[in-house]
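Structure data follow from input.csv (CSV, C-alpha atoms):
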```csv
chain,number,residue,atom,x,y,z
A,5,MET,CA,-10.6,-8.6,-6.8
A,6,ALA,CA,-10.1,-6.8,-10.1
A,7,ILE,CA,-6.5,-5.7,-9.4
A,8,PHE,CA,-4.2,-8.6,-9.5
A,9,SER,CA,-0.8,-7.3,-8.7
A,10,VAL,CA,1.2,-4.2,-8.0
A,11,TYR,CA,5.0,-4.1,-8.6
A,12,VAL,CA,7.5,-1.3,-8.0
A,13,VAL,CA,10.7,-1.4,-9.9
A,14,ASN,CA,13.7,0.8,-9.1
A,15,LYS,CA,16.0,2.6,-11.5
A,16,ALA,CA,18.4,-0.3,-12.0
A,17,GLY,CA,15.6,-2.6,-12.8
A,18,GLY,CA,15.3,-4.5,-9.5
A,19,LEU,CA,11.9,-5.3,-8.0
A,20,ILE,CA,11.6,-3.4,-4.7
A,21,TYR,CA,8.0,-4.2,-4.0
A,22,GLN,CA,5.5,-6.8,-4.9
A,23,LEU,CA,1.9,-7.2,-3.9
A,24,ASP,CA,-0.2,-10.0,-5.3
A,25,SER,CA,-3.8,-10.1,-4.4
A,26,TYR,CA,-5.6,-12.9,-6.1
A,27,ALA,CA,-9.2,-13.2,-5.1
A,28,PRO,CA,-10.1,-16.4,-3.3
A,29,ARG,CA,-11.5,-17.8,-6.4
A,30,ALA,CA,-14.0,-20.6,-6.1
A,31,GLU,CA,-12.5,-23.9,-6.8
A,32,ALA,CA,-14.5,-26.3,-8.9
A,33,GLU,CA,-13.8,-29.9,-9.2
A,34,LYS,CA,-15.2,-31.8,-12.1
A,35,THR,CA,-14.7,-35.1,-13.6
A,36,PHE,CA,-14.2,-35.1,-17.3
A,37,SER,CA,-13.8,-37.9,-19.7
A,38,TYR,CA,-11.9,-37.6,-22.9
A,39,PRO,CA,-12.3,-35.4,-24.9
A,40,LEU,CA,-12.4,-32.4,-22.5
A,41,ASP,CA,-15.2,-29.9,-23.1
A,42,LEU,CA,-12.8,-27.1,-22.1
A,43,LEU,CA,-10.2,-25.4,-24.1
A,44,LEU,CA,-7.1,-24.9,-22.0
A,45,LYS,CA,-4.2,-22.7,-22.9
A,46,LEU,CA,-0.8,-22.0,-21.3
A,47,HIS,CA,-0.7,-18.4,-20.1
A,48,ASP,CA,2.0,-17.0,-17.9
A,49,GLU,CA,3.1,-20.5,-17.0
A,50,ARG,CA,-0.3,-21.3,-15.7
A,51,VAL,CA,-2.8,-23.5,-17.5
A,52,LEU,CA,-6.0,-21.5,-17.8
A,53,VAL,CA,-9.4,-22.2,-19.1
A,54,ALA,CA,-9.8,-20.2,-22.3
A,55,PHE,CA,-13.2,-21.5,-23.5
A,56,GLY,CA,-16.0,-23.7,-22.3
A,57,GLN,CA,-17.6,-22.1,-19.3
A,58,ARG,CA,-19.9,-24.5,-17.5
A,59,ASP,CA,-20.8,-25.7,-14.0
A,60,GLY,CA,-18.8,-23.2,-12.1
A,61,ILE,CA,-15.8,-23.4,-14.2
A,62,ARG,CA,-15.3,-20.0,-15.9
A,63,VAL,CA,-12.8,-18.5,-18.3
A,64,GLY,CA,-9.7,-17.4,-16.5
A,65,HIS,CA,-9.8,-20.2,-14.0
A,66,ALA,CA,-6.4,-21.9,-13.5
A,67,VAL,CA,-5.8,-25.5,-13.3
A,68,LEU,CA,-4.9,-26.2,-9.7
A,69,ALA,CA,-4.7,-30.0,-9.7
A,70,ILE,CA,-5.2,-32.9,-12.0
A,71,ASN,CA,-6.5,-36.2,-10.4
A,72,GLY,CA,-5.4,-35.0,-7.0
A,73,MET,CA,-1.9,-34.0,-8.0
A,74,ASP,CA,-1.2,-30.3,-7.6
A,75,VAL,CA,-0.2,-28.4,-10.6
A,76,ASN,CA,2.7,-26.1,-9.9
A,77,GLY,CA,1.9,-23.2,-12.1
A,78,LYS,CA,4.0,-20.5,-10.5
A,79,TYR,CA,3.8,-17.0,-12.0
A,80,THR,CA,7.3,-15.7,-11.9
A,81,ALA,CA,7.5,-12.0,-11.7
A,82,ASP,CA,11.0,-11.3,-10.5
A,83,GLY,CA,12.6,-8.0,-11.3
A,84,LYS,CA,14.7,-9.3,-14.2
A,85,GLU,CA,11.7,-10.3,-16.2
A,86,VAL,CA,9.9,-7.0,-15.7
A,87,LEU,CA,13.0,-5.0,-16.6
A,88,GLU,CA,13.6,-6.9,-19.8
A,89,LEU,CA,10.1,-6.2,-20.8
A,90,PHE,CA,10.6,-2.5,-20.6
A,91,ALA,CA,14.1,-2.3,-22.0
A,92,ILE,CA,12.9,-4.4,-25.0
A,93,GLY,CA,9.7,-2.3,-25.3
A,94,SER,CA,11.6,0.9,-25.6
A,95,GLN,CA,14.0,-0.5,-28.2
A,96,LEU,CA,11.3,-2.1,-30.3
A,97,SER,CA,9.2,1.0,-30.5
A,98,PRO,CA,9.0,2.5,-34.0
A,99,GLU,CA,8.8,6.0,-32.4
A,100,GLN,CA,11.9,7.8,-31.5
A,101,GLY,CA,12.5,8.5,-27.9
A,102,SER,CA,10.1,5.9,-26.6
A,103,SER,CA,10.1,5.7,-22.8
A,104,GLY,CA,8.9,2.1,-22.7
A,105,ILE,CA,5.7,0.2,-22.2
A,106,GLU,CA,2.8,2.1,-20.8
A,107,MET,CA,0.1,-0.5,-21.3
A,108,LEU,CA,0.0,-4.1,-22.3
A,109,GLU,CA,-3.4,-5.7,-23.0
A,110,THR,CA,-4.2,-9.4,-23.1
A,111,ASP,CA,-7.4,-11.4,-22.9
A,112,THR,CA,-7.2,-12.0,-19.2
A,113,PHE,CA,-5.4,-8.9,-17.9
A,114,LYS,CA,-4.1,-5.4,-18.6
A,115,LEU,CA,-0.7,-4.4,-17.5
A,116,HIS,CA,-0.3,-0.7,-16.8
A,117,CYS,CA,3.1,0.9,-16.2
A,118,PHE,CA,3.8,4.4,-15.0
A,119,GLN,CA,7.4,5.6,-15.2
A,120,THR,CA,8.4,8.6,-13.1
A,121,LEU,CA,10.9,11.2,-14.2
A,122,THR,CA,13.3,9.7,-11.7
A,123,GLY,CA,13.2,6.3,-13.3
A,124,ILE,CA,11.0,4.4,-10.8
A,125,LYS,CA,8.4,2.2,-12.5
A,126,PHE,CA,5.0,1.3,-11.0
A,127,VAL,CA,3.4,-1.7,-12.6
A,128,VAL,CA,-0.2,-2.7,-12.0
A,129,LEU,CA,-1.8,-5.9,-13.4
A,130,ALA,CA,-5.6,-5.5,-13.5
A,131,ASP,CA,-8.7,-6.9,-15.0
A,132,PRO,CA,-9.2,-5.6,-18.5
A,133,ARG,CA,-12.5,-4.0,-17.5
A,134,GLN,CA,-11.1,-2.2,-14.5
A,135,ALA,CA,-11.1,1.6,-15.0
A,136,GLY,CA,-9.3,4.3,-13.3
A,137,ILE,CA,-5.9,2.6,-13.3
A,138,ASP,CA,-4.1,5.8,-14.4
A,139,SER,CA,-5.2,7.7,-11.3
A,140,LEU,CA,-4.5,4.6,-9.2
A,141,LEU,CA,-0.9,4.7,-10.5
A,142,ARG,CA,-0.6,8.4,-9.6
A,143,LYS,CA,-2.0,7.6,-6.1
A,144,ILE,CA,0.5,4.8,-5.7
A,145,TYR,CA,3.3,7.2,-6.6
A,146,GLU,CA,2.0,9.6,-3.9
A,147,ILE,CA,1.9,6.8,-1.4
A,148,TYR,CA,5.4,5.7,-2.3
A,149,SER,CA,6.7,9.3,-1.9
A,150,ASP,CA,4.9,9.6,1.5
A,151,PHE,CA,5.4,6.3,3.3
A,152,ALA,CA,8.5,4.8,1.7
A,153,LEU,CA,10.6,7.8,0.9
A,154,LYS,CA,9.8,9.9,4.0
A,155,ASN,CA,10.7,7.0,6.3
A,156,PRO,CA,14.2,8.1,7.4
A,157,PHE,CA,15.3,4.5,7.8
A,158,TYR,CA,14.3,3.5,4.3
A,159,SER,CA,17.3,3.5,1.9
A,160,LEU,CA,16.6,4.5,-1.7
A,161,GLU,CA,16.5,1.7,-4.3
A,162,MET,CA,16.2,-1.0,-1.6
A,163,PRO,CA,13.2,-3.3,-1.2
A,164,ILE,CA,10.3,-1.5,0.5
A,165,ARG,CA,9.5,-3.0,3.9
A,166,CYS,CA,7.3,-0.3,5.3
A,167,GLU,CA,4.2,-1.3,7.1
A,168,LEU,CA,2.5,2.1,6.4
A,169,PHE,CA,3.2,1.7,2.7
A,170,ASP,CA,1.6,-1.7,2.7
A,171,GLN,CA,-1.5,-0.5,4.5
A,172,ASN,CA,-2.1,2.6,2.5
A,173,LEU,CA,-1.5,0.8,-0.7
A,174,LYS,CA,-4.1,-1.9,0.1
A,175,LEU,CA,-6.5,0.9,1.0
A,176,ALA,CA,-5.9,2.6,-2.3
A,177,LEU,CA,-6.5,-0.6,-4.2
A,178,GLU,CA,-9.8,-1.2,-2.4
A,179,VAL,CA,-10.9,2.3,-3.3
A,180,ALA,CA,-9.9,1.9,-6.9
A,181,GLU,CA,-11.7,-1.4,-7.2
A,182,LYS,CA,-14.9,0.0,-5.8
A,183,ALA,CA,-14.8,3.0,-8.1
A,184,GLY,CA,-14.0,1.1,-11.3
A,185,THR,CA,-16.0,-1.8,-12.9
A,186,PHE,CA,-16.1,-5.0,-11.0
A,187,GLY,CA,-13.9,-7.9,-12.1
A,188,PRO,CA,-15.1,-11.4,-12.9
A,189,GLY,CA,-17.1,-12.8,-10.0
A,190,SER,CA,-15.8,-15.7,-8.1
B,17,MET,CA,-4.4,19.1,-19.8
B,18,SER,CA,-3.9,20.7,-16.5
B,19,ARG,CA,-4.5,19.0,-13.2
B,20,PRO,CA,-4.7,20.6,-9.8
B,21,ALA,CA,-1.9,19.6,-7.5
B,22,HIS,CA,-2.8,16.6,-5.4
B,23,ARG,CA,-2.9,17.6,-1.8
B,24,ARG,CA,-3.1,15.1,1.0
B,25,PRO,CA,-6.6,15.3,2.5
B,26,GLU,CA,-5.2,15.4,6.0
B,27,TYR,CA,-2.6,18.1,5.2
B,28,GLN,CA,-1.6,19.5,8.5
B,29,LYS,CA,-0.1,22.8,9.3
B,30,ILE,CA,2.7,23.1,11.8
B,31,ASN,CA,4.1,26.2,13.3
B,32,LYS,CA,6.7,27.7,10.9
B,33,ASP,CA,8.7,28.9,13.9
B,34,LEU,CA,9.2,25.4,15.1
B,35,PHE,CA,10.7,24.5,11.7
B,36,VAL,CA,12.9,27.6,11.7
B,37,LEU,CA,14.1,26.9,15.2
B,38,THR,CA,14.8,23.3,14.3
B,39,TYR,CA,16.9,24.4,11.4
B,40,GLY,CA,18.7,26.9,13.6
B,41,ALA,CA,19.4,24.3,16.2
B,42,LEU,CA,20.8,22.0,13.5
B,43,VAL,CA,23.2,24.7,12.2
B,44,ALA,CA,24.2,25.7,15.7
B,45,GLN,CA,25.0,22.1,16.6
B,46,LEU,CA,27.1,21.6,13.4
B,47,CYS,CA,29.0,24.7,14.3
B,48,LYS,CA,29.8,23.3,17.7
B,49,ASP,CA,30.9,20.0,16.1
B,50,TYR,CA,33.1,21.3,13.4
B,51,GLU,CA,35.6,24.2,13.6
B,52,LYS,CA,36.0,24.9,10.0
B,53,ASP,CA,33.2,26.7,8.1
B,54,GLU,CA,33.9,24.5,5.0
B,55,ASP,CA,33.1,21.4,7.0
B,56,VAL,CA,29.8,22.8,8.3
B,57,ASN,CA,28.9,23.9,4.8
B,58,LYS,CA,29.9,20.5,3.4
B,59,TYR,CA,27.7,18.6,5.9
B,60,LEU,CA,24.8,20.9,5.4
B,61,ASP,CA,25.0,20.2,1.7
B,62,LYS,CA,25.3,16.5,2.3
B,63,MET,CA,22.2,16.4,4.5
B,64,GLY,CA,20.4,18.5,2.0
B,65,TYR,CA,21.4,16.1,-0.7
B,66,GLY,CA,19.7,13.2,1.2
B,67,ILE,CA,16.6,15.3,1.6
B,68,GLY,CA,16.5,16.4,-2.0
B,69,THR,CA,16.7,12.8,-3.4
B,70,ARG,CA,13.5,12.0,-1.5
B,71,LEU,CA,11.7,15.3,-1.7
B,72,VAL,CA,11.9,15.3,-5.5
B,73,GLU,CA,9.5,12.3,-5.7
B,74,ASP,CA,7.0,14.0,-3.4
B,75,PHE,CA,7.3,17.1,-5.6
B,76,LEU,CA,6.8,15.2,-8.9
B,77,ALA,CA,3.9,13.2,-7.4
B,78,ARG,CA,2.1,16.3,-6.2
B,79,SER,CA,2.8,18.9,-8.7
B,80,CYS,CA,2.2,16.9,-11.9
B,81,VAL,CA,4.9,18.8,-13.8
B,82,ARG,CA,5.7,17.5,-17.3
B,83,ARG,CA,9.1,16.6,-18.6
B,84,CYS,CA,11.1,19.8,-19.2
B,85,HIS,CA,12.9,20.5,-22.5
B,86,SER,CA,15.4,23.2,-21.5
B,87,TYR,CA,17.4,24.2,-18.5
B,88,SER,CA,15.5,27.5,-18.2
B,89,GLU,CA,12.2,25.6,-18.0
B,90,ILE,CA,13.7,23.6,-15.1
B,91,ILE,CA,14.9,26.6,-13.3
B,92,ASP,CA,11.5,28.3,-13.7
B,93,ILE,CA,9.8,25.3,-12.2
B,94,ILE,CA,12.2,25.2,-9.3
B,95,ALA,CA,11.6,28.8,-8.6
B,96,GLN,CA,7.9,29.1,-9.2
B,97,VAL,CA,6.5,25.7,-8.2
B,98,ALA,CA,9.0,24.0,-5.9
B,99,PHE,CA,10.0,26.9,-3.7
B,100,LYS,CA,6.4,28.0,-3.5
B,101,MET,CA,5.3,24.6,-2.5
B,102,TYR,CA,7.8,24.0,0.2
B,103,LEU,CA,8.9,27.4,1.5
B,104,GLY,CA,6.1,29.6,0.4
B,105,ILE,CA,8.5,32.0,-1.5
B,106,THR,CA,9.1,32.6,-5.2
B,107,PRO,CA,12.6,33.6,-6.0
B,108,SER,CA,13.3,35.4,-9.2
B,109,VAL,CA,15.4,33.8,-11.9
B,110,THR,CA,18.2,35.3,-13.8
B,111,CYS,CA,20.4,33.7,-16.4
B,112,ASN,CA,24.0,34.4,-15.9
B,113,ASN,CA,25.8,33.3,-18.9
B,114,SER,CA,25.1,33.1,-22.6
B,115,SER,CA,25.8,29.4,-23.0
B,116,ARG,CA,22.5,29.0,-21.0
B,117,ASN,CA,23.6,26.6,-18.3
B,118,GLU,CA,24.3,29.0,-15.5
B,119,PHE,CA,21.4,30.4,-13.6
B,120,SER,CA,20.7,32.3,-10.4
B,121,LEU,CA,17.8,32.3,-8.0
B,122,ILE,CA,17.5,35.6,-6.1
B,123,LEU,CA,15.8,35.1,-2.8
B,124,ASP,CA,13.8,38.1,-1.7
B,125,LYS,CA,12.6,36.6,1.5
B,126,ASN,CA,14.0,33.5,3.2
B,127,PRO,CA,12.0,32.1,6.1
B,128,LEU,CA,15.0,30.1,7.3
B,129,VAL,CA,16.9,33.2,8.3
B,130,GLU,CA,14.0,35.1,9.8
B,131,PHE,CA,15.6,35.2,13.2
B,132,VAL,CA,19.2,35.4,12.2
B,133,GLU,CA,20.8,38.8,12.4
B,134,GLU,CA,24.3,38.1,11.4
B,135,LEU,CA,26.8,35.3,11.4
B,136,PRO,CA,28.8,34.9,14.6
B,137,PRO,CA,32.4,36.2,14.6
B,138,GLY,CA,34.8,33.7,13.2
B,139,ARG,CA,32.1,32.2,11.0
B,140,SER,CA,32.4,34.6,8.1
B,141,SER,CA,32.3,32.0,5.4
B,142,LEU,CA,29.4,29.9,6.8
B,143,CYS,CA,26.6,29.4,4.3
B,144,TYR,CA,23.7,29.2,6.7
B,145,CYS,CA,21.2,27.9,4.2
B,146,ASN,CA,23.5,25.5,2.5
B,147,LEU,CA,20.9,22.8,3.2
B,148,LEU,CA,18.9,24.3,0.4
B,149,CYS,CA,21.8,24.0,-2.1
B,150,GLY,CA,22.1,20.3,-1.2
B,151,ILE,CA,18.3,19.8,-1.6
B,152,ILE,CA,18.4,21.3,-5.1
B,153,ARG,CA,21.5,19.3,-6.1
B,154,GLY,CA,20.0,16.0,-4.8
B,155,ALA,CA,16.7,16.6,-6.5
B,156,LEU,CA,18.3,17.5,-9.8
B,157,GLU,CA,20.5,14.4,-9.7
B,158,MET,CA,17.5,12.1,-9.3
B,159,VAL,CA,16.1,13.4,-12.6
B,160,HIS,CA,19.5,12.8,-14.2
B,161,LEU,CA,20.8,16.3,-14.2
B,162,ALA,CA,24.2,17.0,-12.6
B,163,ALA,CA,24.5,20.5,-11.2
B,164,ASP,CA,26.7,22.7,-9.0
B,165,VAL,CA,24.6,24.6,-6.6
B,166,THR,CA,26.2,27.2,-4.3
B,167,PHE,CA,25.5,30.5,-2.6
B,168,LEU,CA,26.9,33.3,-4.8
B,169,GLN,CA,25.8,36.0,-2.5
B,170,ASP,CA,24.3,36.0,1.0
B,171,ARG,CA,22.7,38.8,2.9
B,172,LEU,CA,24.0,37.3,6.1
B,173,LYS,CA,27.5,37.9,4.9
B,174,GLY,CA,26.9,41.5,4.1
B,175,ASP,CA,25.9,41.2,0.4
B,176,SER,CA,22.9,43.1,-0.8
B,177,VAL,CA,20.9,40.1,-1.9
B,178,THR,CA,20.8,36.3,-1.3
B,179,GLU,CA,21.6,34.5,-4.6
B,180,ILE,CA,21.8,30.8,-5.2
B,181,GLY,CA,23.8,29.9,-8.3
B,182,ILE,CA,22.9,26.8,-10.3
B,183,THR,CA,25.3,25.6,-12.9
B,184,PHE,CA,24.2,22.6,-15.0
B,185,LEU,CA,27.0,20.2,-15.8
B,186,LYS,CA,27.0,17.4,-18.4
B,187,LYS,CA,23.6,15.5,-18.4
B,188,LEU,CA,23.9,12.2,-16.6
B,189,ASP,CA,23.2,9.4,-19.0
B,190,GLU,CA,19.8,7.7,-18.2
B,191,LYS,CA,20.8,4.6,-20.0
B,192,LYS,CA,23.6,4.1,-17.5
B,193,TYR,CA,21.1,3.0,-15.0
B,194,ARG,CA,19.6,0.4,-17.2
B,195,ARG,CA,22.9,-1.2,-18.1
B,196,LYS,CA,23.8,-1.6,-14.4
B,197,LYS,CA,22.4,-5.0,-13.5
```
Can you present the structure in this file as structure tokens?
Amino acid sequence: MAIFSVYVVNKAGGLIYQLDSYAPRAEAEKTFSYPLDLLLKLHDERVLVAFGQRDGIRVGHAVLAINGMDVNGKYTADGKEVLELFAIGSQLSPEQGSSGIEMLETDTFKLHCFQTLTGIKFVVLADPRQAGIDSLLRKIYEIYSDFALKNPFYSLEMPIRCELFDQNLKLALEVAEKAGTFGPGS
Amino acid sequence: MSRPAHRRPEYQKINKDLFVLTYGALVAQLCKDYEKDEDVNKYLDKMGYGIGTRLVEDFLARSCVRRCHSYSEIIDIIAQVAFKMYLGITPSVTCNNSSRNEFSLILDKNPLVEFVEELPPGRSSLCYCNLLCGIIRGALEMVHLAADVTFLQDRLKGDSVTEIGITFLKKLDEKKYRRKK
């Protein structure tokens, strides 16, 4: 899948919704002898292959285990980290009146953020080649206003636990992925 | 860059009378529950506030309005876009005072009071549509604008027009939300 994660952050900076949809990537096991033919780098607290594609091991693959021992490369994305990113972003900006980070591009992913006039932030992590994320963010905003806010039992600023929101969000992600370019195959 | 408003593909129409009757039932029940008009008005405003805080996101998501730079822009958008979208009416806007933070919306037609002739005896200070005031207040607060919204004139009370007064108070500090952790 080309869209890796969706996060919704409330006004106070707390994470109220998280959806991680990593593709069931193919796992490849290979025996290497020293020196490794791969270039590995630490990225987001995961050890990823940066260079040296061969035999089913491609760029972007994460190291899952070494010699049978699982590698615990957890990607932390709690609300605090996300908030600091945006607060720092708006303070670092050379422009006056910056509203924060809109897009962050790296080799392996693009982070898009849409901040509403009410202070809610929608963050999408996607493949750099994935197109149409802007309209996806607007669509997620609509889905949020429909299925989270109009639920009379949902309190504002609280974590979103609405089944309909989940379902419609996943549908919207599928549509966006089909419409945009496809991500790296697995 | 203008974008058409995003409409849900399965936008369903329901009978307006059902909505008007539901609102009437709500006000009638509140009148039974509370003796004082001020209490009924207060609870209508409170309910409206809860609706407004949620409705504003729906409005912003579907109408694609840009950030406003003046109070009069905001009032124009409320009158011409929001009222049109949700009630199908377009109130006219007047500015009441020269310091430019008191405005009025004059409602020509009001679908909520279509079937109401006059207020019952003993309920002379009831603001029948106070829910609307609460909605506007709640919506403005979610975009960091504190405002006082009340009915200045009401046809149901014998005035010649129905007028909603919106007074903008000091702007709520956006940064306040970020510091709260």
Quiz item: Got a sec to check which residues sit within 10 Å of (18.3, 12.1, -11.8), counting all atoms listed in the file, and write them as a list in words?
Solution: Lys15, Leu121, Thr122 and Gly123 of chain A; Thr69, Val72, Arg153, Gly154, Ala155, Leu156, Glu157, Met158, Val159, His160, Leu161, Ala162, Lys187, Leu188, Asp189 and Glu190 of chain B
Any chance you could export the current selection's C-alpha atoms as an mmCIF file, in the frame of the given file?
```
data_model
loop_
_atom_site.group_PDB
_atom_site.id
_atom_site.type_symbol
_atom_site.label_atom_id
_atom_site.label_comp_id
_atom_site.auth_asym_id
_atom_site.auth_seq_id
_atom_site.Cartn_x
_atom_site.Cartn_y
_atom_site.Cartn_z
ATOM 1 C CA LYS A 15 16.000 2.600 -11.500
ATOM 2 C CA LEU A 121 10.900 11.200 -14.200
ATOM 3 C CA THR A 122 13.300 9.700 -11.700
ATOM 4 C CA GLY A 123 13.200 6.300 -13.300
ATOM 5 C CA THR B 69 16.700 12.800 -3.400
ATOM 6 C CA VAL B 72 11.900 15.300 -5.500
ATOM 7 C CA ARG B 153 21.500 19.300 -6.100
ATOM 8 C CA GLY B 154 20.000 16.000 -4.800
ATOM 9 C CA ALA B 155 16.700 16.600 -6.500
ATOM 10 C CA LEU B 156 18.300 17.500 -9.800
ATOM 11 C CA GLU B 157 20.500 14.400 -9.700
ATOM 12 C CA MET B 158 17.500 12.100 -9.300
ATOM 13 C CA VAL B 159 16.100 13.400 -12.600
ATOM 14 C CA HIS B 160 19.500 12.800 -14.200
ATOM 15 C CA LEU B 161 20.800 16.300 -14.200
ATOM 16 C CA ALA B 162 24.200 17.000 -12.600
ATOM 17 C CA LYS B 187 23.600 15.500 -18.400
ATOM 18 C CA LEU B 188 23.900 12.200 -16.600
ATOM 19 C CA ASP B 189 23.200 9.400 -19.000
ATOM 20 C CA GLU B 190 19.800 7.700 -18.200
#
```
Exercise. Could you please tell me, as number ranges by chain, which residues of chain A have an atom within 7 Å of chain B when using all atoms listed in the file?
Key: A: 15-17, 121-122, 142, 145-146, 149-150, 153-154
Go ahead and dump the residues you just picked, C-alpha atoms, as a compact mmCIF listing (two decimals), in the frame of the given file.
```
# COMPACT_ATOMS: atom_id res chain seq x y z
CA LYS A 15 16.00 2.60 -11.50
CA ALA A 16 18.40 -0.30 -12.00
CA GLY A 17 15.60 -2.60 -12.80
CA LEU A 121 10.90 11.20 -14.20
CA THR A 122 13.30 9.70 -11.70
CA ARG A 142 -0.60 8.40 -9.60
CA TYR A 145 3.30 7.20 -6.60
CA GLU A 146 2.00 9.60 -3.90
CA SER A 149 6.70 9.30 -1.90
CA ASP A 150 4.90 9.60 1.50
CA LEU A 153 10.60 7.80 0.90
CA LYS A 154 9.80 9.90 4.00
```
Practice problem: Pick out the closest residue to Tyr50 (chain B) from this set: B:Leu142, B:Asp92, B:Ala163, B:His85. Count all atoms listed in the file. | Solution: B:Leu142
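Minimum atom-to-atom distances from B:Leu60, B:Leu148, B:Ile122, B:Val129 to Tyr102 (chain B) were compared using only C-alpha atoms, and the lowest value belongs to B:Leu148.
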Produce the centre coordinates and the three edge lengths, each in Å to one decimal, of the box along x, y and z that contains all listed atoms of region 61-78 of chain B with 5 Å added on each side, as JSON.
```
{"center_x": 13.7, "center_y": 16.1, "center_z": -2.2, "size_x": 33.2, "size_y": 18.2, "size_z": 23.4}
```
Self-check item: 10 Å contact set for Glu178 (chain A), only C-alpha atoms, chain neighbours under 5 positions out, as a list in words
Solution: Met5, Ala6, Ile7, Asn172, Leu173 and Ala183 of chain A
Self-check item: Interatomic distance, CA of Leu175 (chain A) to CA of Glu109 (chain A) (Å, one decimal)
Solution: 25.1 Å
Self-check item: Residue list as a VMD selection string for point (21.4, 31.2, -21.1), cut-off 12 Å, only C-alpha atoms
Solution: chain B and resid 86 to 89 91 109 to 120 182 to 184
Quiz item: Using only C-alpha atoms, which residues sit within 10 Å of Asp124 (chain B) once same-chain residues fewer than 4 positions away are excluded, as a VMD selection string?
Solution: chain B and resid 105 to 108 177 to 179
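Using only C-alpha atoms, the nearest neighbour of Ala152 (chain A) within the list A:Gln171, A:Ser25, A:Gln119, A:Ser97 is A:Gln171.
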Self-check item: Distance query Lys114 (chain A) at most 8 Å, all atoms listed in the file, self and fewer than 6 positions along chain excluded, as a PyMOL selection string
Solution: chain A and resi 107-108+129-132
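CA of Leu128 (chain B) to CA of Ile147 (chain A) spans 28.1 Å [interatomic distance, one decimal].
Coordinates place CA of Tyr21 (chain A) at a distance of 28.3 Å from CA of Ala98 (chain B).
Minimum distance to Leu123 (chain B) across B:Leu147, B:Leu46, B:Leu103, B:Ile30 (counting only C-alpha atoms) occurs at B:Leu103.
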